[in-house]
Structure formats: structure tokens, C-alpha cells
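Undergrad: This is the structure, below, for whatever I ask next.
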Amino acid sequence: MSANTSDVVVIGAGINGASCAWHLASRGLTVTVLERDAAPAMGSTGRSAAGVRVQFTTAANIKLSLYSLPVYREFAERYGWDIGYQDIGYLLLVPGEKWADHLKSVELQQSLGAPVEVLDPAEAQRHIPFATEGLAGATYGPWDGVIDPHMVTHAWVSMGRELGVSYRMNSSVTAIERRSNRWELTSGGETFECEHVVNAAGAWSGEVGRLAGIDVPVGPKRIQIFLSTPIEDTRTYPLTIDLATGVYVRSEGDRVLFGRDDLDQAFGFTEGVDAEWLEHVLLTGVDRFPWWADMGIDLRGSWWGYYGVSPDNSPIIGLHPDADGWVDACGFSGHGIMHAPATGVAVAELIADGKTTTVEVDHFRHTRFGEDVAVEANIF
Ligand SMILES: Cc1cc2nc3c(=O)[nH]c(=O)nc-3n(C[C@H](O)[C@H](O)[C@H](O)COP(=O)(O)OP(=O)(O)OC[C@H]3O[C@@H](n4cnc5c(N)ncnc54)[C@H](O)[C@@H]3O)c2cc1C
């Protein structure tokens with residue numbers, strides 16, 4: 001067994017692992033990334049809906065977005081990489097019973113500097129056709145939109161490599177031991193030693209914690225996305241979510257992709273696209289989007305992936321209370337694309353400085369579960 005030593009080992013080369021690795025290397029730390037797959041972004045990162053938004057209900061999440069979205073919007077100017085950012089917006093359609101609370105969250109977003117517009121249903125219809133029944137209004141985030149998660153992950157991988165980050169693909173971590181004041185990780189026939197481990201293993205983060213004998217309360221839930229055949233409307237539809245049902249739809253080229261999150265399911269690595277769930281989504285959404293009745297479905301273009309879900313559907317970012325030198329960056333549920341820039345900078349500051357100064361992540365600490373903390377309502 002050969003020993004490879006670095007300051008930090010990051011487990012996982014998804015968008016968060018790649019962001020953490022580059023931010024850590026930017027602070028002068030030596031970093032090794034161990035990734036089970038043959039290439040970066042093959043986990044949940046390559047399977048998302050790619051949406052980025054500021055429209056959250058808790059200050060903590062809004063602030064992560066307010067740090068992250070400008071990074072994505074200006075990525076090409078700042079770092080010279082096109083990451084496919086398109087400001088197609090997020091449009092939230094809000095039923096009467098949720099309107100008062102929703103407006104409070106908009107007030108919070110705006111007070112923190114987030115650009116969010118309040119629209120009446122008729123104004124919102126200029127973005128996308130929908131039935132207005134039961135809706136009190138809509139909100140639109142003009143900064144919100146989509147990025148290309150593969151492109152941004154590969155940008156951070158390349159930027160990291162330029163700073164000396166060692167990416168080891170086909171390198172599944174199979175054992176983790178704490179020895180004196182260092183961590184020792186086994187992958188293939190090799191041993192990797194470091195002071196800090198960053199657990200960025202996405203939906204597998206709970207399993208990775210168990211390898212080290214520590215509790216990381218994150219598990220997998222399958223999420224499916226369906227693709228239509230080409231549609232006639234040439235407008236680009238924003239990522240539109242019907243808050244009455246949780247059904248969402250957005251343009252993908254000349255088609256739309258659509259779905260509904262299924263967070264009540266039990267944990268498990270269930271595989272495949274499920275025709276029953278497709279039918280359920282169509283039947284749930286067709287009242288709001290009557291044009292779905294005539295929409296063709298491209299089942300071969302549809303796909304599924306895993307949310308890595310925490311007990312409150314928000315990430316765990318920070319030092320583990322029971323394991324020195326262990327940092328989690330996982331449990332993002334449906335938000336790991338949009339919050340990867342803030343996560344990377346926070347993890348780098350925690351390891352290099354012992355505290356964060358650029359973004360606040362105390363809200364996302366391990367010990368919050370069971371405490372009386374604000375719980376995010378805009379989980380999709
Ligand atoms: C259908 C769907 C839609 C989504 N839509 C959005 C959206 O619109 N916006 C948004 O922000 N988020 C969205 N998400 C969530 C988002 O995709 C994830 O939160 C994000 O990709 C997590 O990135 P990550 O880097 O933390 O994890 P991943 O991308 O899953 O990376 C983790 C990596 O760890 C590796 N790994 C695991 N175990 C080991 C091991 N033992 N050894 C070595 N490597 C290991 C895996 O191979 C994987 O590559 C969506 C997710 C899905 C499934």
C-alpha cells in the first residue's frame with residue numbers, strides 16, 4: 001500500500017466536491033479528490049433540472065443564493081469559462097391559501113437584495129400558458145434560471161487542477177479510519193492520509209459517514225424528470241412551479257421538461273423512470289397546464305437521479321460535532337447545483353480559517369436537527 005498525503009481529501013467529484021476542491025486549493029491547501037465514477041459530474045450533478053434561484057423562504061438559503069447566483073452569472077467574466085447560464089427565470093404560481101406567507105418570503109428576499117417581481121396571474125401568463133383558477137398571484141425571479149452543471153463542474157475541475165488538485169477517478173473510498181490526528185482513507189490498493197476529509201458524496205454521504213463510523217443523516221430519494229416531444233410555442237418558458245401541486249415545467253430547447261418532487265417516499269436507491277409516476281405527474285399538472293393534454297412525451301429522453309436528503313431537506317455544511325477534521329457538504333436535496341459556489345467558499349474558510357466570513361452556514365450545522373430553527377418551505 002502506498003500512502004498519499006494531502007491537507008484535505010474530498011470524497012466525490014460532483015459540483016460540490018469540485019467547488020470545494022478549487023476553493024480549498026485557492027487557499028493554498030493541498031487537495032486530493034477521490035471519485036468512484038470514471039468522470040466528474042456523473043452522480044446527481046449530471047441528472048438535475050439545472051435550476052438556480054433566489055426564491056427561498058429562509059434568510060439562510062436566500063443568502064446562499066445571493067452569494068452563488070452572481071458567481072454563476074459572472075463566471076465567464078471572472079474565470080473565463082462558459083458555464084451555460086441562461087436567465088430564463090423562475091416563475092412561482094401561488095394559490096390563495098399560500099399567498100400571504102409567500103408575500104412575507106418575497107419581502108424577506110427583497111430586503112436581502114434579491115430581485116423578485118410580484119405579478120398578477122394575467123401578467124404571469126406572458127411567460128407561459130396556464131390556468132389561473134385558484135391562484136392569487138405569481139412571483140418571478142429575473143436572476144433565476146439555469147446553468148449547465150456539467151460545464152461548471154468541469155470548469156472547477158480544470159481550475160483546481162491548475163492549482164495542483166489531484167483528481168483520482170475510478171477511486172471508490174471503501175474504508176475510512178481516524179488514526180491519531182489524521183484520517184486514513186482506502187481506495188483500491190492505496191491509502192490516502194489527510195488532516196481534513198470533506199464528505200461531498202451527495203446521496204451516498206450517509207454511506208460514506210458509516211465507513212468512518214459517524215452519523216451523517218443523509219439518504220437517497222429517486223427524483224424523475226420527464227421530457228416532452230417538440231412543442232409549437234417558441235417562447236422560452238421559465239422554470240415554472242405550481243405551488244398548489246408542486247408540479248413544475250420549463251423549456252429545454254424546443255421541448256419542455258417537467259416533473260414533481262416525491263419527497264414523501266422512503267429512502268432507497270430505486271432505479272429507472274416509472275410510467276405510473278409519469279401518469280401521476282400528468283394528471284396532477286394538467287389542470288394547471290391544460291396544454292399538457294395534447295403534449296407528446298419522449299420517454300427515452302426522460303431520466304431520474306437521486307436527491308441526497310437531510311431530515312429538513314436542507315444541506316449539512318460544516319464540521320461534524322463527533323469527528324475532528326470531518327467536514328460535511330451534503331444533504332442538498334433539490335438545491336445542490338444552485339448553492340455549490342457558497343458551499344465551496346464556506347468549506348474552504350472553515351478548514352483554512354476555522355470560521356466562515358464570506359457566507360453564513362451556521363444555519364446548516366449538524367446540531368440543528370431537533371432545535372427550533374426556521375425550516376425552508378420552498379423545497380421542490
Ligand atoms: C432529477 C433531479 C433534479 C434536480 N434539480 C435541481 C435543480 O434544479 N437545482 C439544484 O440546485 N439542484 C437540483 N437537484 C439536486 C442536485 O442535482 C444535487 O443537489 C447536486 O447535484 C449535488 O451535488 P453533489 O456534488 O453534492 O453530489 P453528486 O453530484 O451526487 O456527487 C457526489 C459524488 O460522490 C461520488 N461518491 C459517492 N460515494 C463515493 C465513494 N464511496 N467514494 C468515492 N466517490 C463517491 C459519486 O460517484 C458522485 O459522483 C436535482 C437532482 C435531481 C436528481
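Lettering and numbering for the C-alpha cells are positional, with chains as A, B, ... in the shown order, residues counted from 1 in each chain, and ligands counted from 1 in the shown order.
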What residues of the protein or nucleic acid chains come within 7 Å of ligand 1 when you use only C-alpha atoms and all ligand atoms? Reply as number ranges by chain.
TA: A: 11-17, 34-37, 40-52, 171-174, 200-205, 208, 222-225, 304-308, 329-330, 332-339
Undergrad: List every residue of stretch 153-350 of chain A that DSSP, applied to the backbone of this structure, assigns to helix (DSSP H, G or I), and report them as a PyMOL selection string.
TA: chain A and resi 153-162+202-211+275-285+290-294+333-335+340-350
Undergrad: Restricting the calculation to only C-alpha atoms, which member of A:Leu93, A:Ile147, A:Met295, A:Val8 is positioned closest to A:Asp120?
TA: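 Selected residue with least distance to A:Asp120: A:Leu93.
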Undergrad: Nearest residue to A:Ser302 out of A:Ile379, A:Leu91, A:Ile317, A:Val273, using only C-alpha atoms?
TA: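 Looking at the shortest contact to A:Ser302, the residue is A:Val273.
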Undergrad: Can you list, as a list in words, every protein, DNA or RNA residue that comes within 8 Å of A:Pro121 when you count only C-alpha atoms, leaving out same-chain residues fewer than 4 positions away?
TA: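 Close residues of A:Pro121: Leu93, Gln125, Thr132, Leu135, Ala136, Gly137 and Ala138 of chain A.
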Undergrad: Those residues with N, CA and C atoms, as a PDB file, in the first residue's frame please?
TA:
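Contents of the output file result-v2.pdb:
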ATOM      1  N   LEU A  93     -46.179  29.994  -9.189  1.00  0.00           N
ATOM      2  CA  LEU A  93     -47.625  30.246  -9.264  1.00  0.00           C
ATOM      3  C   LEU A  93     -48.213  29.910  -7.896  1.00  0.00           C
ATOM      4  N   GLN A 125     -48.985  35.191 -17.244  1.00  0.00           N
ATOM      5  CA  GLN A 125     -49.292  34.380 -18.433  1.00  0.00           C
ATOM      6  C   GLN A 125     -48.500  34.808 -19.669  1.00  0.00           C
ATOM      7  N   THR A 132     -55.573  29.978 -14.504  1.00  0.00           N
ATOM      8  CA  THR A 132     -55.365  30.833 -13.326  1.00  0.00           C
ATOM      9  C   THR A 132     -56.234  30.421 -12.130  1.00  0.00           C
ATOM     10  N   LEU A 135     -55.473  30.687  -8.203  1.00  0.00           N
ATOM     11  CA  LEU A 135     -54.204  31.391  -7.972  1.00  0.00           C
ATOM     12  C   LEU A 135     -54.458  32.814  -7.496  1.00  0.00           C
ATOM     13  N   ALA A 136     -53.682  33.239  -6.493  1.00  0.00           N
ATOM     14  CA  ALA A 136     -53.766  34.630  -6.033  1.00  0.00           C
ATOM     15  C   ALA A 136     -52.761  35.495  -6.777  1.00  0.00           C
ATOM     16  N   GLY A 137     -51.663  34.914  -7.208  1.00  0.00           N
ATOM     17  CA  GLY A 137     -50.636  35.705  -7.883  1.00  0.00           C
ATOM     18  C   GLY A 137     -49.454  34.829  -8.225  1.00  0.00           C
ATOM     19  N   ALA A 138     -48.391  35.511  -8.661  1.00  0.00           N
ATOM     20  CA  ALA A 138     -47.185  34.781  -9.061  1.00  0.00           C
ATOM     21  C   ALA A 138     -45.974  35.641  -8.718  1.00  0.00           C
TER      22      ALA A 138
END
Undergrad: Using DSSP on the backbone, list every residue of stretch 64-282 of chain A that comes out as strand (DSSP E or B), and give them as JSON, numbers by chain.
TA: {"A": [86, 90, 91, 92, 93, 94, 95, 117, 118, 119, 135, 136, 137, 138, 139, 140, 141, 145, 146, 166, 167, 168, 173, 174, 175, 176, 177, 178, 179, 182, 183, 184, 185, 186, 187, 190, 191, 192, 193, 194, 195, 196, 197, 198, 199, 219, 220, 221, 222, 223, 224, 225, 226, 227, 228, 239, 240, 241, 242, 247, 248, 249, 250, 251, 252, 255, 256, 257, 258, 259, 260]}
